[in-house]
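*Asks:* Structure supplied as upload.cif; contents: mmCIF, C-alpha atoms; chains and numbers go by the auth columns.
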```cif
data_work
#
loop_
_atom_site.group_PDB
_atom_site.id
_atom_site.type_symbol
_atom_site.label_atom_id
_atom_site.label_comp_id
_atom_site.label_asym_id
_atom_site.label_seq_id
_atom_site.Cartn_x
_atom_site.Cartn_y
_atom_site.Cartn_z
_atom_site.B_iso_or_equiv
_atom_site.auth_seq_id
_atom_site.auth_asym_id
ATOM 1 C CA MET A 1 97.627 96.027 97.113 0.00 698 A
ATOM 2 C CA PRO A 2 97.527 92.924 99.276 0.00 699 A
ATOM 3 C CA GLU A 3 94.323 90.927 98.944 0.00 700 A
ATOM 4 C CA GLN A 4 94.258 89.868 102.578 0.00 701 A
ATOM 5 C CA GLU A 5 92.830 91.999 105.359 0.00 702 A
ATOM 6 C CA GLY A 6 95.189 94.183 107.315 0.00 703 A
ATOM 7 C CA LYS A 7 96.530 97.651 107.953 0.00 704 A
ATOM 8 C CA LEU A 8 99.336 99.848 106.744 0.00 705 A
ATOM 9 C CA ALA A 9 100.975 102.143 109.306 0.00 706 A
ATOM 10 C CA TYR A 10 103.614 104.822 108.853 0.00 707 A
ATOM 11 C CA HIS A 11 105.024 107.726 110.840 0.00 708 A
ATOM 12 C CA ASP A 12 104.481 111.293 109.631 0.00 709 A
ATOM 13 C CA GLU A 13 106.687 113.996 111.186 0.00 710 A
ATOM 14 C CA VAL A 14 103.730 116.401 111.480 0.00 711 A
ATOM 15 C CA LEU A 15 100.699 114.162 112.033 0.00 712 A
ATOM 16 C CA GLY A 16 102.342 111.312 113.953 0.00 713 A
ATOM 17 C CA THR A 17 101.498 107.673 113.294 0.00 714 A
ATOM 18 C CA ILE A 18 98.928 107.156 110.549 0.00 715 A
ATOM 19 C CA GLU A 19 97.111 103.850 109.990 0.00 716 A
ATOM 20 C CA ARG A 20 94.986 102.854 107.001 0.00 717 A
ATOM 21 C CA THR A 21 93.257 99.590 106.241 0.00 718 A
ATOM 22 C CA TYR A 22 94.048 97.971 102.897 0.00 719 A
ATOM 23 C CA ASP A 23 90.402 98.550 101.888 0.00 720 A
ATOM 24 C CA ASP A 24 90.925 102.341 102.190 0.00 721 A
ATOM 25 C CA ILE A 25 93.861 102.401 99.756 0.00 722 A
ATOM 26 C CA GLU A 26 93.232 102.399 96.019 0.00 723 A
ATOM 27 C CA ASP A 27 95.331 100.291 93.663 0.00 724 A
ATOM 28 C CA PHE A 28 96.784 103.000 91.437 0.00 725 A
ATOM 29 C CA VAL A 29 98.848 102.799 88.273 0.00 726 A
ATOM 30 C CA ILE A 30 102.604 103.501 88.465 0.00 727 A
ATOM 31 C CA VAL A 31 103.612 102.374 84.954 0.00 728 A
ATOM 32 C CA ARG A 32 101.973 103.320 81.663 0.00 729 A
ATOM 33 C CA SER A 33 100.913 100.690 79.136 0.00 730 A
ATOM 34 C CA ASN A 34 103.998 101.544 77.047 0.00 731 A
ATOM 35 C CA GLY A 35 106.273 100.568 79.965 0.00 732 A
ATOM 36 C CA LYS A 36 107.320 104.089 80.966 0.00 733 A
ATOM 37 C CA PRO A 37 106.882 104.998 84.652 0.00 734 A
ATOM 38 C CA LEU A 38 104.529 107.796 85.642 0.00 735 A
ATOM 39 C CA TYR A 39 105.929 111.075 86.965 0.00 736 A
ATOM 40 C CA LEU A 40 104.890 110.215 90.520 0.00 737 A
ATOM 41 C CA LEU A 41 107.042 107.076 90.527 0.00 738 A
ATOM 42 C CA CYS A 42 109.989 108.918 88.966 0.00 739 A
ATOM 43 C CA ASN A 43 109.705 111.627 91.596 0.00 740 A
ATOM 44 C CA VAL A 44 109.971 109.106 94.447 0.00 741 A
ATOM 45 C CA VAL A 45 112.947 107.363 92.839 0.00 742 A
ATOM 46 C CA ASP A 46 114.721 110.716 92.430 0.00 743 A
ATOM 47 C CA ASP A 47 114.042 111.630 96.067 0.00 744 A
ATOM 48 C CA ILE A 48 115.506 108.326 97.260 0.00 745 A
ATOM 49 C CA ARG A 49 118.550 108.695 95.009 0.00 746 A
ATOM 50 C CA ASP A 50 119.143 112.277 96.224 0.00 747 A
ATOM 51 C CA ARG A 51 118.583 111.268 99.882 0.00 748 A
ATOM 52 C CA ILE A 52 115.709 113.722 100.328 0.00 749 A
ATOM 53 C CA THR A 53 114.026 112.997 103.652 0.00 750 A
ATOM 54 C CA HIS A 54 111.546 115.868 104.110 0.00 751 A
ATOM 55 C CA ILE A 55 109.328 117.711 101.630 0.00 752 A
ATOM 56 C CA ILE A 56 107.540 120.913 102.594 0.00 753 A
ATOM 57 C CA ARG A 57 104.771 122.054 100.311 0.00 754 A
ATOM 58 C CA GLY A 58 103.320 125.523 100.382 0.00 755 A
#
```
Is it possible to express this structure as structure tokens?
*Replies:*
Amino acid sequence: MPEQEGKLAYHDEVLGTIERTYDDIEDFVIVRSNGKPLYLLCNVVDDIRDRITHIIRG
């Protein structure tokens, strides 16, 4: 996460524009110590590759 002060904003199709300050966002791990990416990162890469634009969870 950036060390300077600021905000991150993105548009959600259901909730509209969402803003968060950098202080509110945790710095989470995306790669294990053995160099393999976590499932969450792999999932995003697959979605981008497959051109998935919307995910509906039940």
*Asks:* Go ahead and compute the interatomic distance for CA of Asp709 in chain A and CA of Ile727 in chain A, in Å to one decimal.
*Replies:*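 We find that CA of Asp709 in chain A and CA of Ile727 in chain A lie 22.6 Å from each other.
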*Asks:* Mind giving me the straight-line distance from CA of Val711 in chain A to CA of Thr750 in chain A in Å, one decimal?
*Replies:*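 A separation of 13.4 Å between them.
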*Asks:* Work out where the centre of an axis-aligned box around every listed atom of range 714-718 of chain A lies and how long its edges are once 6 Å is added on each side; give both in Å to one decimal as AutoDock Vina command-line options.
*Replies:*
```
--center_x 97.4 --center_y 103.6 --center_z 109.8 --size_x 20.2 --size_y 20.1 --size_z 19.1
```
*Asks:* Using only C-alpha atoms, which residues sit within 9 Å of His751 in chain A once same-chain residues fewer than 2 positions away are excluded, as number ranges by chain?
*Replies:* A: 710, 749, 753
*Asks:* Applied to the shown file, which residues does the PyMOL selection byres ((chain A and resi 725) around 12) return, written as a list in words?
*Replies:* Met698, Ile722, Glu723, Asp724, Val726, Ile727, Val728, Arg729, Leu735, Leu737 and Leu738 of chain A
*Asks:* Grab the residues selected above and save them as a tab-separated table (two decimals), keeping the file's coordinate frame with C-alpha atoms.
*Replies:*
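For reference, selection-v1.tsv as written:
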```tsv
chain	number	residue	atom	x	y	z
A	698	MET	CA	97.63	96.03	97.11
A	722	ILE	CA	93.86	102.40	99.76
A	723	GLU	CA	93.23	102.40	96.02
A	724	ASP	CA	95.33	100.29	93.66
A	726	VAL	CA	98.85	102.80	88.27
A	727	ILE	CA	102.60	103.50	88.46
A	728	VAL	CA	103.61	102.37	84.95
A	729	ARG	CA	101.97	103.32	81.66
A	735	LEU	CA	104.53	107.80	85.64
A	737	LEU	CA	104.89	110.22	90.52
A	738	LEU	CA	107.04	107.08	90.53
```
*Asks:* Going by the chain IDs and residue numbers used in this file, which residues fall under the PyMOL selection byres ((chain A and resi 721) around 12)? Write them as JSON, numbers by chain.
*Replies:* {"A": [698, 699, 702, 703, 704, 705, 716, 717, 718, 719, 720, 722, 723, 724]}
*Asks:* Can you work out the spacing between CA of Asn740 in chain A and CA of Gly755 in chain A in Å, to one decimal?
*Replies:*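 CA of Gly755 in chain A lies 17.6 Å from CA of Asn740 in chain A.
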*Asks:* Would you output range 733-744 of chain A from that structure, restricted to all heavy atoms, as a PDB file, in the first residue's frame?
*Replies:*
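So out24.pdb came out as:
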```pdb
ATOM      1  N   LYS A 733       4.775 -19.155  -4.565  1.00  0.00           N
ATOM      2  CA  LYS A 733       3.517 -19.489  -5.242  1.00  0.00           C
ATOM      3  C   LYS A 733       2.429 -18.491  -4.846  1.00  0.00           C
ATOM      4  O   LYS A 733       2.292 -18.154  -3.677  1.00  0.00           O
ATOM      5  CB  LYS A 733       3.082 -20.905  -4.882  1.00  0.00           C
ATOM      6  CG  LYS A 733       4.026 -21.953  -5.430  1.00  0.00           C
ATOM      7  CD  LYS A 733       3.507 -23.337  -5.173  1.00  0.00           C
ATOM      8  CE  LYS A 733       4.461 -24.353  -5.779  1.00  0.00           C
ATOM      9  NZ  LYS A 733       3.982 -25.721  -5.622  1.00  0.00           N
ATOM     10  N   PRO A 734       1.642 -18.020  -5.824  1.00  0.00           N
ATOM     11  CA  PRO A 734       0.585 -17.052  -5.502  1.00  0.00           C
ATOM     12  C   PRO A 734      -0.552 -17.706  -4.715  1.00  0.00           C
ATOM     13  O   PRO A 734      -0.810 -18.904  -4.844  1.00  0.00           O
ATOM     14  CB  PRO A 734       0.096 -16.588  -6.867  1.00  0.00           C
ATOM     15  CG  PRO A 734       0.501 -17.661  -7.811  1.00  0.00           C
ATOM     16  CD  PRO A 734       1.716 -18.310  -7.239  1.00  0.00           C
ATOM     17  N   LEU A 735      -1.203 -16.909  -3.891  1.00  0.00           N
ATOM     18  CA  LEU A 735      -2.363 -17.384  -3.148  1.00  0.00           C
ATOM     19  C   LEU A 735      -3.539 -17.575  -4.093  1.00  0.00           C
ATOM     20  O   LEU A 735      -3.592 -17.016  -5.183  1.00  0.00           O
ATOM     21  CB  LEU A 735      -2.751 -16.383  -2.063  1.00  0.00           C
ATOM     22  CG  LEU A 735      -1.748 -16.192  -0.940  1.00  0.00           C
ATOM     23  CD1 LEU A 735      -2.217 -15.105   0.001  1.00  0.00           C
ATOM     24  CD2 LEU A 735      -1.544 -17.481  -0.176  1.00  0.00           C
ATOM     25  N   TYR A 736      -4.528 -18.330  -3.660  1.00  0.00           N
ATOM     26  CA  TYR A 736      -5.720 -18.592  -4.466  1.00  0.00           C
ATOM     27  C   TYR A 736      -6.402 -17.297  -4.880  1.00  0.00           C
ATOM     28  O   TYR A 736      -6.852 -17.167  -6.015  1.00  0.00           O
ATOM     29  CB  TYR A 736      -6.699 -19.473  -3.688  1.00  0.00           C
ATOM     30  CG  TYR A 736      -8.049 -19.561  -4.341  1.00  0.00           C
ATOM     31  CD1 TYR A 736      -8.244 -20.360  -5.458  1.00  0.00           C
ATOM     32  CD2 TYR A 736      -9.130 -18.816  -3.859  1.00  0.00           C
ATOM     33  CE1 TYR A 736      -9.471 -20.427  -6.076  1.00  0.00           C
ATOM     34  CE2 TYR A 736     -10.359 -18.886  -4.477  1.00  0.00           C
ATOM     35  CZ  TYR A 736     -10.526 -19.693  -5.586  1.00  0.00           C
ATOM     36  OH  TYR A 736     -11.742 -19.750  -6.197  1.00  0.00           O
ATOM     37  N   LEU A 737      -6.475 -16.323  -3.974  1.00  0.00           N
ATOM     38  CA  LEU A 737      -7.179 -15.086  -4.288  1.00  0.00           C
ATOM     39  C   LEU A 737      -6.551 -14.367  -5.476  1.00  0.00           C
ATOM     40  O   LEU A 737      -7.251 -13.815  -6.315  1.00  0.00           O
ATOM     41  CB  LEU A 737      -7.210 -14.166  -3.066  1.00  0.00           C
ATOM     42  CG  LEU A 737      -7.987 -14.716  -1.871  1.00  0.00           C
ATOM     43  CD1 LEU A 737      -7.806 -13.802  -0.681  1.00  0.00           C
ATOM     44  CD2 LEU A 737      -9.436 -14.896  -2.193  1.00  0.00           C
ATOM     45  N   LEU A 738      -5.227 -14.358  -5.560  1.00  0.00           N
ATOM     46  CA  LEU A 738      -4.556 -13.733  -6.690  1.00  0.00           C
ATOM     47  C   LEU A 738      -4.813 -14.531  -7.962  1.00  0.00           C
ATOM     48  O   LEU A 738      -5.122 -13.959  -9.011  1.00  0.00           O
ATOM     49  CB  LEU A 738      -3.061 -13.618  -6.435  1.00  0.00           C
ATOM     50  CG  LEU A 738      -2.243 -13.075  -7.602  1.00  0.00           C
ATOM     51  CD1 LEU A 738      -2.668 -11.654  -7.955  1.00  0.00           C
ATOM     52  CD2 LEU A 738      -0.766 -13.135  -7.299  1.00  0.00           C
ATOM     53  N   CYS A 739      -4.733 -15.848  -7.874  1.00  0.00           N
ATOM     54  CA  CYS A 739      -4.977 -16.695  -9.048  1.00  0.00           C
ATOM     55  C   CYS A 739      -6.387 -16.494  -9.579  1.00  0.00           C
ATOM     56  O   CYS A 739      -6.612 -16.467 -10.786  1.00  0.00           O
ATOM     57  CB  CYS A 739      -4.780 -18.159  -8.691  1.00  0.00           C
ATOM     58  SG  CYS A 739      -3.110 -18.572  -8.166  1.00  0.00           S
ATOM     59  N   ASN A 740      -7.338 -16.359  -8.679  1.00  0.00           N
ATOM     60  CA  ASN A 740      -8.726 -16.169  -9.059  1.00  0.00           C
ATOM     61  C   ASN A 740      -8.901 -14.882  -9.874  1.00  0.00           C
ATOM     62  O   ASN A 740      -9.584 -14.872 -10.898  1.00  0.00           O
ATOM     63  CB  ASN A 740      -9.594 -16.144  -7.801  1.00  0.00           C
ATOM     64  CG  ASN A 740     -11.053 -16.292  -8.107  1.00  0.00           C
ATOM     65  OD1 ASN A 740     -11.428 -16.720  -9.176  1.00  0.00           O
ATOM     66  ND2 ASN A 740     -11.880 -15.952  -7.152  1.00  0.00           N
ATOM     67  N   VAL A 741      -8.283 -13.808  -9.451  1.00  0.00           N
ATOM     68  CA  VAL A 741      -8.372 -12.536 -10.164  1.00  0.00           C
ATOM     69  C   VAL A 741      -7.729 -12.640 -11.538  1.00  0.00           C
ATOM     70  O   VAL A 741      -8.274 -12.172 -12.537  1.00  0.00           O
ATOM     71  CB  VAL A 741      -7.712 -11.402  -9.345  1.00  0.00           C
ATOM     72  CG1 VAL A 741      -7.612 -10.132 -10.156  1.00  0.00           C
ATOM     73  CG2 VAL A 741      -8.491 -11.161  -8.059  1.00  0.00           C
ATOM     74  N   VAL A 742      -6.569 -13.280 -11.611  1.00  0.00           N
ATOM     75  CA  VAL A 742      -5.879 -13.443 -12.892  1.00  0.00           C
ATOM     76  C   VAL A 742      -6.745 -14.259 -13.851  1.00  0.00           C
ATOM     77  O   VAL A 742      -6.870 -13.916 -15.030  1.00  0.00           O
ATOM     78  CB  VAL A 742      -4.500 -14.106 -12.687  1.00  0.00           C
ATOM     79  CG1 VAL A 742      -3.860 -14.459 -14.007  1.00  0.00           C
ATOM     80  CG2 VAL A 742      -3.592 -13.179 -11.879  1.00  0.00           C
ATOM     81  N   ASP A 743      -7.367 -15.323 -13.361  1.00  0.00           N
ATOM     82  CA  ASP A 743      -8.252 -16.127 -14.203  1.00  0.00           C
ATOM     83  C   ASP A 743      -9.439 -15.311 -14.696  1.00  0.00           C
ATOM     84  O   ASP A 743      -9.845 -15.424 -15.864  1.00  0.00           O
ATOM     85  CB  ASP A 743      -8.764 -17.352 -13.446  1.00  0.00           C
ATOM     86  CG  ASP A 743      -7.714 -18.418 -13.267  1.00  0.00           C
ATOM     87  OD1 ASP A 743      -6.682 -18.352 -13.967  1.00  0.00           O
ATOM     88  OD2 ASP A 743      -7.921 -19.318 -12.433  1.00  0.00           O
ATOM     89  N   ASP A 744     -10.038 -14.503 -13.821  1.00  0.00           N
ATOM     90  CA  ASP A 744     -11.171 -13.676 -14.218  1.00  0.00           C
ATOM     91  C   ASP A 744     -10.781 -12.689 -15.314  1.00  0.00           C
ATOM     92  O   ASP A 744     -11.528 -12.480 -16.273  1.00  0.00           O
ATOM     93  CB  ASP A 744     -11.732 -12.914 -13.017  1.00  0.00           C
ATOM     94  CG  ASP A 744     -12.457 -13.831 -12.039  1.00  0.00           C
ATOM     95  OD1 ASP A 744     -12.675 -15.012 -12.388  1.00  0.00           O
ATOM     96  OD2 ASP A 744     -12.800 -13.357 -10.941  1.00  0.00           O
TER      97      ASP A 744
END
```
